[in-house]
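Read through the structure below, which is laid out as structure tokens, and then see the notes.
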Amino acid sequence: MVENRHGVSYHRLTHSRCPLTAPRTIHTHRIPLKLPARFAKRAALTARAALTACAALAAPIPLAAQLPPIPPSPGAPIAIARLSGPIELDGVVDEPAWDAVAPLGMTMYTPNFGGALTERTEVRIAHDDRFLYVAGRMYDSDPDQIRIGTFYRDQYSGDDILAVIIDSYNDHETAVWFVANPAGVRQDRTVSNDAEFTNGMPMNEDWNSYWDVATSRSGEGWFAEFRIPFSTLGFQAAGGEVTMGLIVYRMIPRKNERQTFPALDPSGGRLGFVKPSRAQRVVLRDVRQSAPLYMTPYALGGFQQAPVLDGQWRTERDPTSEAGLDVKYSPTSNLALDLTVNTDFAQVEADDQQINLTRFPLFFPEKRQFFQERASTFDFNTGGFNNRLFHSRQIGLDAGEIVRIYGGARAVGRLGGTDFGLLNMQTAPHGDRSTENVGVVRLRQQILNANSAVGGMLTTRLASAGRDNSALGLDAVVRWLGDEYMILQWAHTFDEATEQEGGLESGLLRGRLERRRDDGFSYYAEAIRVGADYLPGLGFQSRRGFSNGGAQLRYRQLRDPTSPLVSRALQVATTHYFRNEDGSAESREIRPEIELDFRQGSNLTFGALSSFESVREPFPISDVVVPAGEYWFHEANFMFRMPRSSRFRGEYNGSAGTFYDGNRLSLALNPAWVLSKYLELEAGYEVNRIDFPDRDASTTTQLARLKVNTALNPRISLSTFGQYNSAIGQTTFNVRFRYHFREGTDLWIVYNEGLHNERDSGPGPRRPLSSGRGVMVKYSHTFVG
């Protein structure tokens, strides 16, 4: 006798024998001892089926066994079945309607591509008028070893998982990604740029949307049912048919075994198993788009306090109460609208702090939910990992301080082969900034093939005090032969507060050739010119007034399945920056690396870095200064990443070598430990020891992090995030309690505290321990119309 996730006890019958027929194995049946009323119908059906099986002299083979697995079909789309009967979303996967759907044919992706699956997996996909359904029967020969790493939403902690990736617009570039573990804990994210890292991070883990999943467990394995509204996916219909891309995978972490549909060989790179361009094309017929209206009002109350020096230190407390509204609506299948009034982001997790060892500004990613819906539509990367024409963190934030957003609207969608996005928001005055209206328009038209497009972007930042800024950009991505791509970009900015020369000095030009493949030879070659007056007011640009040339050559070799290595790779990258004003060298880098991917899931990279920096103005690093001069310096480095599927995992890297006119030793440790499904610890410690012996100067920077994620179940969670930063002399805490009633309805209690690392800082009264404190309680409730 076992107990399911509802607390209901069951007898389990396996290998049941009927005296009238030959011995045969019967699929597990669940006979409840004490059933809730809502399971009564299912209990009757199960009992009737058991009696009928023994009464028949020659019982027919169950329908599920008659349907062979659907094989991948690279040349033609596969039809997705319409459900023939009702589905109860309970995670048991025992409805007759599921048995009428053929399972997908799964293939081993890792550790040995194409090898025999060690555990049987049956995944079925079907639809009705409003939803896409996915059912998984994840059988396991040792069900006690099934892993539930966490109850924490959007957290992967080495769990067994079932995942579905859907290229709903069939654009071969973007997708939405839904994941569940055996406890029904959900993860959702988006994929952009065909999961390539050439234009920054191609995966957005901060996206959340409306969908449901239910799971159950038994002595045979675990089972899951997904229900995804078509309004969440978005799509385009043509002739009554909808074509999408589909990838499904199951992960068995204790074996590092990933099974996929379709068959995806490991040549696709680090995220090759989620690339939209490799998805199986599927067709859905007679889909009717519903248009639900999600209205989410919120109410917030709390206080903030900070110390103020007025002869003596005293504390000023500022009570806060707010209310606002978010609205989400999809009037058509290919358009999503978001409206917001008095936008608030109090529940957003604090940024990971960074210590700057360069003379250029730091980049911080966007985490706020309002900006996440099809965020890749607004991508306009202008070279490097972080430079971009539009970065939404420029809205509602000023040097890390929150700026009130009165409200705004956002629309994203796709019409034919055209992606479009529009955004407009109004912010309150802040500091020396007046109220501002910010706007973005983005268009991108598919051309030639599924992986080529041309587009444009316009951003405006309009203030009432003569500080208007606007930027215009045009871009093209062309897949011109096989895996060969060409990227061309032009951008120009207009800033009222500066005296711009115009022409090239207010603009950006970029050209790039690359081969997008991860096995064999790949490369990129890039040239960029950025003018001194190029100022994208809603973007991010780490440096200006330069011309840059860079290239990389990489060779990756897949190893034999008997080798402990999946692959080994050798690459050499170089980049050179020259000042536009006089053509002199500003920065150079040469970086050779060797990368080893191990079959159990770990990765080891080691290499060297030779750098040149021409410094014309002294700049500080912590409490030392790098003087003006020209410097060549060199280091050796390594990075080791443990398997993400391990209960104890992490990333560890270090480097040692010369640094400007001195030396630097750097070490970063980032372990994570899953103690149980209720508790996970994530830690980080980065230390840089910098010595300038000729100047008798030195400094040590330290950055420590500890994140404690606790969850009693998928509804109740607590996250505690503490950070120590020696460079700014602060220790901060961000504590967030969440009670999740259902998608869109939550209670948040957020506590923020800053502490001074040093309280004695020269003459005057001793500083208080606390540098600031805030407590916020926020309740949001979603109404669906």
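Ligands are numbered from 1 in the order shown, residues from 1 within each chain, and chains are lettered A, B, ... in the order they appear in the structure tokens.
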*Determine which residues of segment 244-304 of chain A receive a DSSP assignment of strand (DSSP E or B), computed from the backbone, and state them as a ChimeraX atom specification.*
/A:244-252,257-261,280-285,293-304
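In this comparison, which uses only C-alpha atoms, the residue of A:Tyr329, A:Phe612, A:Tyr152, A:Phe540 approaching Thr575 of chain A most closely is A:Phe612.
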Near-Val185 of chain A list (6 Å; only C-alpha atoms; drop same-chain fewer than 6 positions) as a PDB file with N, CA, C and O atoms, in the first residue's frame:
```pdb
ATOM      1  N   PHE A 151      11.218  22.582  -3.750  1.00  0.00           N
ATOM      2  CA  PHE A 151       9.850  23.059  -3.895  1.00  0.00           C
ATOM      3  C   PHE A 151       9.835  24.517  -4.352  1.00  0.00           C
ATOM      4  O   PHE A 151       8.778  25.140  -4.415  1.00  0.00           O
ATOM      5  N   ARG A 153       9.948  27.673  -6.694  1.00  0.00           N
ATOM      6  CA  ARG A 153       9.555  27.995  -8.074  1.00  0.00           C
ATOM      7  C   ARG A 153      10.752  28.515  -8.869  1.00  0.00           C
ATOM      8  O   ARG A 153      11.561  29.295  -8.369  1.00  0.00           O
ATOM      9  N   PRO A 714       5.138  23.766  -2.897  1.00  0.00           N
ATOM     10  CA  PRO A 714       5.210  24.719  -4.017  1.00  0.00           C
ATOM     11  C   PRO A 714       4.530  26.059  -3.755  1.00  0.00           C
ATOM     12  O   PRO A 714       4.706  26.992  -4.536  1.00  0.00           O
TER      13      PRO A 714
END
```
*Measuring atom to atom with only C-alpha atoms, identify which of A:Ser587, A:Gln354, A:Thr215, A:Gln304 is nearest to Val93 of chain A.*
A:Thr215
Neighbouring residues of Gln155 of chain A were defined as those with any atom within 10 Å, considering only C-alpha atoms; residues of the same chain fewer than 3 positions away were excluded. Please report them as an mmCIF file with N, CA, C and O atoms, in the first residue's frame.
```cif
data_model
loop_
_atom_site.group_PDB
_atom_site.id
_atom_site.type_symbol
_atom_site.label_atom_id
_atom_site.label_comp_id
_atom_site.auth_asym_id
_atom_site.auth_seq_id
_atom_site.Cartn_x
_atom_site.Cartn_y
_atom_site.Cartn_z
ATOM 1 N N GLY A 149 14.513 17.906 -5.975
ATOM 2 C CA GLY A 149 15.554 18.737 -5.374
ATOM 3 C C GLY A 149 15.012 19.950 -4.648
ATOM 4 O O GLY A 149 15.648 20.458 -3.729
ATOM 5 N N THR A 150 13.809 20.432 -5.066
ATOM 6 C CA THR A 150 13.335 21.677 -4.480
ATOM 7 C C THR A 150 11.824 21.821 -4.647
ATOM 8 O O THR A 150 11.228 21.242 -5.560
ATOM 9 N N PHE A 151 11.218 22.582 -3.750
ATOM 10 C CA PHE A 151 9.850 23.059 -3.895
ATOM 11 C C PHE A 151 9.835 24.517 -4.352
ATOM 12 O O PHE A 151 8.778 25.140 -4.415
ATOM 13 N N TYR A 152 11.004 25.079 -4.657
ATOM 14 C CA TYR A 152 11.123 26.500 -4.934
ATOM 15 C C TYR A 152 10.869 26.766 -6.408
ATOM 16 O O TYR A 152 11.511 26.182 -7.270
ATOM 17 N N GLY A 158 18.911 19.879 -9.491
ATOM 18 C CA GLY A 158 19.280 18.494 -9.754
ATOM 19 C C GLY A 158 18.090 17.558 -9.712
ATOM 20 O O GLY A 158 18.240 16.374 -9.402
ATOM 21 N N ASP A 159 16.885 18.052 -10.057
ATOM 22 C CA ASP A 159 15.671 17.241 -10.007
ATOM 23 C C ASP A 159 15.540 16.365 -11.251
ATOM 24 O O ASP A 159 16.063 16.680 -12.317
ATOM 25 N N VAL A 185 6.637 21.242 -9.132
ATOM 26 C CA VAL A 185 7.253 22.568 -9.073
ATOM 27 C C VAL A 185 7.587 23.009 -10.496
ATOM 28 O O VAL A 185 8.202 22.267 -11.258
ATOM 29 N N ARG A 186 7.191 24.230 -10.822
ATOM 30 C CA ARG A 186 7.289 24.710 -12.205
ATOM 31 C C ARG A 186 8.502 25.597 -12.410
ATOM 32 O O ARG A 186 8.927 26.327 -11.523
ATOM 33 N N GLN A 187 9.025 25.513 -13.607
ATOM 34 C CA GLN A 187 9.982 26.475 -14.134
ATOM 35 C C GLN A 187 9.467 26.899 -15.502
ATOM 36 O O GLN A 187 8.940 26.073 -16.248
ATOM 37 N N ASP A 188 9.587 28.182 -15.823
ATOM 38 C CA ASP A 188 9.284 28.631 -17.177
ATOM 39 C C ASP A 188 10.277 29.701 -17.569
ATOM 40 O O ASP A 188 10.719 30.499 -16.750
ATOM 41 N N GLU A 205 15.380 33.466 -17.642
ATOM 42 C CA GLU A 205 14.796 32.683 -16.559
ATOM 43 C C GLU A 205 13.816 33.497 -15.718
ATOM 44 O O GLU A 205 13.174 32.943 -14.822
ATOM 45 N N GLU A 680 17.863 24.527 0.235
ATOM 46 C CA GLU A 680 19.023 24.580 -0.654
ATOM 47 C C GLU A 680 19.874 25.784 -0.284
ATOM 48 O O GLU A 680 19.352 26.875 -0.013
ATOM 49 N N ASN A 709 17.462 29.121 0.214
ATOM 50 C CA ASN A 709 16.127 28.940 -0.344
ATOM 51 C C ASN A 709 15.415 27.834 0.416
ATOM 52 O O ASN A 709 15.890 26.691 0.449
#
```
*segment 554-565 of chain A: which residues within 7 Å, counting only C-alpha atoms, same-chain residues fewer than 6 positions away excluded, as a ChimeraX atom specification?*
/A:112,518-523,571-572,596-599
Writing out the chosen residues with C-alpha atoms as a PDB file, in the first residue's frame:
```pdb
ATOM      1  CA  ASN A 112      25.778   8.551 -25.163  1.00  0.00           C
ATOM      2  CA  ASP A 518      29.590  23.567 -32.178  1.00  0.00           C
ATOM      3  CA  ASP A 519      31.272  20.555 -33.738  1.00  0.00           C
ATOM      4  CA  GLY A 520      34.249  20.833 -36.051  1.00  0.00           C
ATOM      5  CA  PHE A 521      35.514  24.281 -36.985  1.00  0.00           C
ATOM      6  CA  SER A 522      33.620  27.452 -36.129  1.00  0.00           C
ATOM      7  CA  TYR A 523      34.677  31.078 -36.169  1.00  0.00           C
ATOM      8  CA  GLN A 571      39.838  28.030 -29.328  1.00  0.00           C
ATOM      9  CA  VAL A 572      41.817  31.225 -29.761  1.00  0.00           C
ATOM     10  CA  LEU A 596      36.831  19.578 -21.861  1.00  0.00           C
ATOM     11  CA  ASP A 597      33.236  18.338 -21.484  1.00  0.00           C
ATOM     12  CA  PHE A 598      32.988  15.196 -19.369  1.00  0.00           C
ATOM     13  CA  ARG A 599      30.359  12.530 -19.845  1.00  0.00           C
TER      14      ARG A 599
END
```
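Closest to Arg374 of chain A among A:Asp99, A:Asp432, A:Asp206, A:Glu686 is A:Asp206, based on only C-alpha atoms.
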*Got a sec: who's within 10 Å of segment 377-382 of chain A, counting only C-alpha atoms, leaving out chain neighbours fewer than 4 positions off, as number ranges by chain?*
A: 174, 192-193, 198-200, 371, 373, 386-392, 412-414, 419-423, 440-444, 455-457, 473-475, 488-491, 508-511, 528, 530, 539-541
_I'd like the contact shell of Ile146 of chain A - 10 Å cut-off, only C-alpha atoms, skipping same-chain residues fewer than 4 positions apart - returned as a VMD selection string._
chain A and resid 140 to 142 159 to 161 181 to 182 217 221 to 222 252 to 254
*Residues flagged alpha helix (DSSP H) by DSSP in segment 67-237 of chain A, as a ChimeraX atom specification*: /A:96-99,230-233
Please write the residues from the selection above to a file, keeping C-alpha atoms, as a PDB file, in the first residue's frame.
```
ATOM      1  CA  PRO A  96      -8.821   6.884 -22.143  1.00  0.00           C
ATOM      2  CA  ALA A  97      -8.265  10.035 -24.184  1.00  0.00           C
ATOM      3  CA  TRP A  98      -4.529   9.796 -23.485  1.00  0.00           C
ATOM      4  CA  ASP A  99      -4.378   6.158 -24.591  1.00  0.00           C
ATOM      5  CA  PHE A 230      -2.845  28.994 -26.375  1.00  0.00           C
ATOM      6  CA  SER A 231      -3.131  32.587 -25.151  1.00  0.00           C
ATOM      7  CA  THR A 232       0.151  32.043 -23.261  1.00  0.00           C
ATOM      8  CA  LEU A 233       1.876  30.640 -26.339  1.00  0.00           C
TER       9      LEU A 233
END
```
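Nearest-residue note for Met106 of chain A: choosing from A:Val92, A:Ile690, A:Ala336, A:Ile247, the minimum distance belongs to A:Ile247, counting only C-alpha atoms.
Residue nearest Arg270 of chain A within the list A:Glu196, A:Asp326, A:Asp623, A:Asp310: A:Glu196 [criterion: smallest interatomic distance, only C-alpha atoms].
For the set A:Gly311, A:Pro643, A:Asn752, A:Leu665, the residue with the smallest atom-to-atom gap to Pro765 of chain A is A:Gly311, counting only C-alpha atoms.
Here atom CA of Tyr485 of chain A is placed at a distance of 12.5 Å from atom CA of Ala450 of chain A.
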